[in-house]
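Okay, so here's the structure we're looking at.
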Amino acid sequence: MAYNLALVNPFNAKESADYDEISRSWLDAWKEKSKKIMPSPSESDSKNSSPSFKEDGIKRLRDDDEEEKAHPSKTQKTSTIISKYISKGCLVSGGPAAEQLVSFIRTLIGDGDRIYVLGHCEPGSSVLMSSEEKGKGQTVNAKELARFFDVLFGLNKSYAGKIKIFGCHSALGLGDTKSFAEQFKDAMRKREYHNCTIEGYTASVRGYDGEHKVAFIGTAEELKRAQMAEILYAEETISKAKLDSFYENKTARPSTRRVSFA
């Protein structure tokens, strides 16, 4: 089924520890998929053809990333960060370039449309975080995120698609505390968004690995060992085969660990 796909990072890129890595993994994966959906122009047409809207959007987002690195902004309040990233640092995969994100999201209404929100999370968390390290980076709570979509994005009240909180354990509560995804669902209902479905994940999730998103379904200890292995691999201390061994039989598609809050 064809649908519109939007990927939103509500934090300042320089203050979001994994922004660059995650956004590029999604970009690269979508670029590969878009080749199958919209083949590149033939050699005979290439000189006179402009890039497809998918390829052009990818290029312009990469240009935004470079500009952000060249002119890092100072730490800002959450509302300012969200406002800034309506025009820069957000991605519509396969759709318009970043600066057109607001007008694009306002057109979304169908039950096949998807909006992914990136951020770090944990069981029972009241906020999404830009960094896994507590006390660092920015945070946004469920009410602020709901206001983001209602006031700043102007998402249609009749939107019948899904908003997925693509953060680790975003669908897990803790004791009597609801999960972040459910808190967000409640906040959206108070703003009269009654047709959309909010989804979260019960596993540790990350961006694309090849053409597919990945969830880690091992134990917390196994996850720590795998994360340490990632550091050692980056330092060229261990081989790729050794790194892969830490993930063997412990990964799955995130969809197998997804929970819907209708």
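FYI, nothing fancy with the structure tokens labels: chains A, B, ... in order, residues from 1 per chain, ligands from 1 as they appear.
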Got a sec: who's within 10 Å of Arg206 in chain A, counting only C-alpha atoms, leaving out chain neighbours fewer than 5 positions off, as a PDB file with all heavy atoms, in the first residue's frame?
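Dumped everything to out-v2.pdb:
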```
ATOM      1  N   ILE A  22      21.268   8.592  12.833  1.00  0.00           N
ATOM      2  CA  ILE A  22      19.934   8.065  12.594  1.00  0.00           C
ATOM      3  C   ILE A  22      19.330   8.647  11.323  1.00  0.00           C
ATOM      4  O   ILE A  22      18.787   7.920  10.485  1.00  0.00           O
ATOM      5  CB  ILE A  22      19.008   8.339  13.799  1.00  0.00           C
ATOM      6  CG1 ILE A  22      19.495   7.534  15.010  1.00  0.00           C
ATOM      7  CG2 ILE A  22      17.565   7.971  13.470  1.00  0.00           C
ATOM      8  CD1 ILE A  22      18.742   7.839  16.293  1.00  0.00           C
ATOM      9  N   SER A  25      20.876   7.138   8.270  1.00  0.00           N
ATOM     10  CA  SER A  25      20.514   5.738   8.030  1.00  0.00           C
ATOM     11  C   SER A  25      19.135   5.643   7.395  1.00  0.00           C
ATOM     12  O   SER A  25      18.902   4.836   6.497  1.00  0.00           O
ATOM     13  CB  SER A  25      20.574   4.922   9.329  1.00  0.00           C
ATOM     14  OG  SER A  25      19.502   5.227  10.194  1.00  0.00           O
ATOM     15  N   LEU A 118      11.447  10.679  16.367  1.00  0.00           N
ATOM     16  CA  LEU A 118      12.686  10.125  16.905  1.00  0.00           C
ATOM     17  C   LEU A 118      13.010  10.695  18.278  1.00  0.00           C
ATOM     18  O   LEU A 118      12.812  11.881  18.526  1.00  0.00           O
ATOM     19  CB  LEU A 118      13.852  10.449  15.971  1.00  0.00           C
ATOM     20  CG  LEU A 118      13.853   9.806  14.590  1.00  0.00           C
ATOM     21  CD1 LEU A 118      15.073  10.293  13.814  1.00  0.00           C
ATOM     22  CD2 LEU A 118      13.844   8.295  14.680  1.00  0.00           C
ATOM     23  N   HIS A 120      15.144   9.348  22.327  1.00  0.00           N
ATOM     24  CA  HIS A 120      15.478   8.274  23.266  1.00  0.00           C
ATOM     25  C   HIS A 120      14.392   8.204  24.333  1.00  0.00           C
ATOM     26  O   HIS A 120      13.843   9.224  24.750  1.00  0.00           O
ATOM     27  CB  HIS A 120      16.839   8.541  23.920  1.00  0.00           C
ATOM     28  CG  HIS A 120      17.984   8.479  22.955  1.00  0.00           C
ATOM     29  ND1 HIS A 120      18.451   7.292  22.430  1.00  0.00           N
ATOM     30  CD2 HIS A 120      18.748   9.455  22.404  1.00  0.00           C
ATOM     31  CE1 HIS A 120      19.452   7.534  21.611  1.00  0.00           C
ATOM     32  NE2 HIS A 120      19.649   8.845  21.564  1.00  0.00           N
ATOM     33  N   PHE A 166       9.378   6.418  17.787  1.00  0.00           N
ATOM     34  CA  PHE A 166      10.474   5.507  17.501  1.00  0.00           C
ATOM     35  C   PHE A 166      11.597   5.721  18.507  1.00  0.00           C
ATOM     36  O   PHE A 166      12.659   6.282  18.209  1.00  0.00           O
ATOM     37  CB  PHE A 166      10.980   5.703  16.072  1.00  0.00           C
ATOM     38  CG  PHE A 166      11.761   4.515  15.559  1.00  0.00           C
ATOM     39  CD1 PHE A 166      11.104   3.361  15.164  1.00  0.00           C
ATOM     40  CD2 PHE A 166      13.144   4.553  15.486  1.00  0.00           C
ATOM     41  CE1 PHE A 166      11.822   2.261  14.703  1.00  0.00           C
ATOM     42  CE2 PHE A 166      13.865   3.461  15.024  1.00  0.00           C
ATOM     43  CZ  PHE A 166      13.203   2.313  14.633  1.00  0.00           C
ATOM     44  N   GLY A 167      11.320   5.278  19.739  1.00  0.00           N
ATOM     45  CA  GLY A 167      12.278   5.363  20.823  1.00  0.00           C
ATOM     46  C   GLY A 167      12.245   4.069  21.620  1.00  0.00           C
ATOM     47  O   GLY A 167      11.200   3.404  21.706  1.00  0.00           O
ATOM     48  N   CYS A 168      13.351   3.691  22.203  1.00  0.00           N
ATOM     49  CA  CYS A 168      13.433   2.439  22.954  1.00  0.00           C
ATOM     50  C   CYS A 168      12.407   2.402  24.091  1.00  0.00           C
ATOM     51  O   CYS A 168      12.289   3.354  24.855  1.00  0.00           O
ATOM     52  CB  CYS A 168      14.837   2.264  23.522  1.00  0.00           C
ATOM     53  SG  CYS A 168      16.126   2.191  22.276  1.00  0.00           S
ATOM     54  N   LYS A 213      14.454  -1.655   9.493  1.00  0.00           N
ATOM     55  CA  LYS A 213      14.680  -1.142  10.846  1.00  0.00           C
ATOM     56  C   LYS A 213      14.930  -2.335  11.766  1.00  0.00           C
ATOM     57  O   LYS A 213      14.507  -3.454  11.481  1.00  0.00           O
ATOM     58  CB  LYS A 213      13.458  -0.338  11.311  1.00  0.00           C
ATOM     59  CG  LYS A 213      13.218   0.901  10.459  1.00  0.00           C
ATOM     60  CD  LYS A 213      12.073   1.750  11.000  1.00  0.00           C
ATOM     61  CE  LYS A 213      10.729   1.098  10.818  1.00  0.00           C
ATOM     62  NZ  LYS A 213      10.358   0.990   9.381  1.00  0.00           N
ATOM     63  N   VAL A 214      15.593  -2.077  12.891  1.00  0.00           N
ATOM     64  CA  VAL A 214      16.031  -3.164  13.765  1.00  0.00           C
ATOM     65  C   VAL A 214      15.620  -2.911  15.210  1.00  0.00           C
ATOM     66  O   VAL A 214      15.679  -1.778  15.694  1.00  0.00           O
ATOM     67  CB  VAL A 214      17.565  -3.329  13.698  1.00  0.00           C
ATOM     68  CG1 VAL A 214      18.046  -4.418  14.652  1.00  0.00           C
ATOM     69  CG2 VAL A 214      17.998  -3.646  12.277  1.00  0.00           C
ATOM     70  N   ALA A 215      15.222  -3.977  15.890  1.00  0.00           N
ATOM     71  CA  ALA A 215      14.955  -3.929  17.330  1.00  0.00           C
ATOM     72  C   ALA A 215      15.838  -4.962  18.018  1.00  0.00           C
ATOM     73  O   ALA A 215      16.071  -6.050  17.485  1.00  0.00           O
ATOM     74  CB  ALA A 215      13.486  -4.233  17.621  1.00  0.00           C
ATOM     75  N   PHE A 216      16.351  -4.618  19.190  1.00  0.00           N
ATOM     76  CA  PHE A 216      17.164  -5.552  19.970  1.00  0.00           C
ATOM     77  C   PHE A 216      16.255  -6.224  20.993  1.00  0.00           C
ATOM     78  O   PHE A 216      15.636  -5.562  21.819  1.00  0.00           O
ATOM     79  CB  PHE A 216      18.293  -4.814  20.685  1.00  0.00           C
ATOM     80  CG  PHE A 216      19.308  -5.736  21.318  1.00  0.00           C
ATOM     81  CD1 PHE A 216      20.405  -6.167  20.600  1.00  0.00           C
ATOM     82  CD2 PHE A 216      19.158  -6.160  22.632  1.00  0.00           C
ATOM     83  CE1 PHE A 216      21.343  -7.017  21.175  1.00  0.00           C
ATOM     84  CE2 PHE A 216      20.083  -7.011  23.217  1.00  0.00           C
ATOM     85  CZ  PHE A 216      21.181  -7.444  22.479  1.00  0.00           C
ATOM     86  N   PRO A 254      11.239  -4.270  14.319  1.00  0.00           N
ATOM     87  CA  PRO A 254      10.523  -3.538  15.371  1.00  0.00           C
ATOM     88  C   PRO A 254       9.024  -3.820  15.380  1.00  0.00           C
ATOM     89  O   PRO A 254       8.382  -3.746  16.421  1.00  0.00           O
ATOM     90  CB  PRO A 254      10.813  -2.071  15.040  1.00  0.00           C
ATOM     91  CG  PRO A 254      12.110  -2.100  14.321  1.00  0.00           C
ATOM     92  CD  PRO A 254      12.072  -3.366  13.500  1.00  0.00           C
TER      93      PRO A 254
END
```
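Using only C-alpha atoms for every distance, the candidate list A:Ile217, A:Leu172, A:Ala262, A:Leu108 yields A:Ile217 as the residue closest to Val205 in chain A.
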- If you run DSSP over the backbone, which residues in range 100-211 of chain A end up alpha helix (DSSP H)? Put them as a PyMOL selection string. chain A and resi 101-107+142-147+180-190
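Using only C-alpha atoms, the smallest distance between any of A:Met129, A:Val151, A:Ala203, A:Ala181 and Ile165 in chain A comes from A:Ala181.
With CA of Lys136 in chain A on one side and CA of Ala6 in chain A on the other, the separation reads 26.3 Å.
Our summary of the geometry notes that CA of Ala226 in chain A is positioned 19.3 Å from CA of Tyr201 in chain A.
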Subject >> Residues flagged strand (DSSP E) by DSSP in range 85-257 of chain A, as a PyMOL selection string >> reply: chain A and resi 114-118+127-129+139-141+162-166+197-201+204-209+212-216+251-252
Shortest contact to His212 in chain A, candidates A:Val140, A:Leu7, A:Thr251, A:Asp150, atoms counted only C-alpha atoms, goes to A:Thr251
In terms of only C-alpha atoms, the residue from A:Ser131, A:Gln138, A:Ser239, A:Ser126 at minimal distance from Phe11 in chain A is A:Gln138
A straight line from CA of Asp113 in chain A to CA of Ile163 in chain A spans 8.7 Å
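You can rank A:Asn195, A:Asn4, A:Ser158, A:Asn141 by their closest distance to Ile115 in chain A using only C-alpha atoms, and at the top of that list sits A:Asn4.
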- Considering only C-alpha atoms, return as a list of chain:residue names whatever protein or nucleic-acid residues lie within 10 Å of Ala229 in chain A, sequence-local ones (same chain, fewer than 5 positions apart) excluded. A:Leu223, A:Lys224, A:Ala234, A:Glu235, A:Thr237, A:Ile238, A:Ser239, A:Lys240, A:Lys242, A:Leu243, A:Asp244, A:Ser245, A:Phe246, A:Tyr247
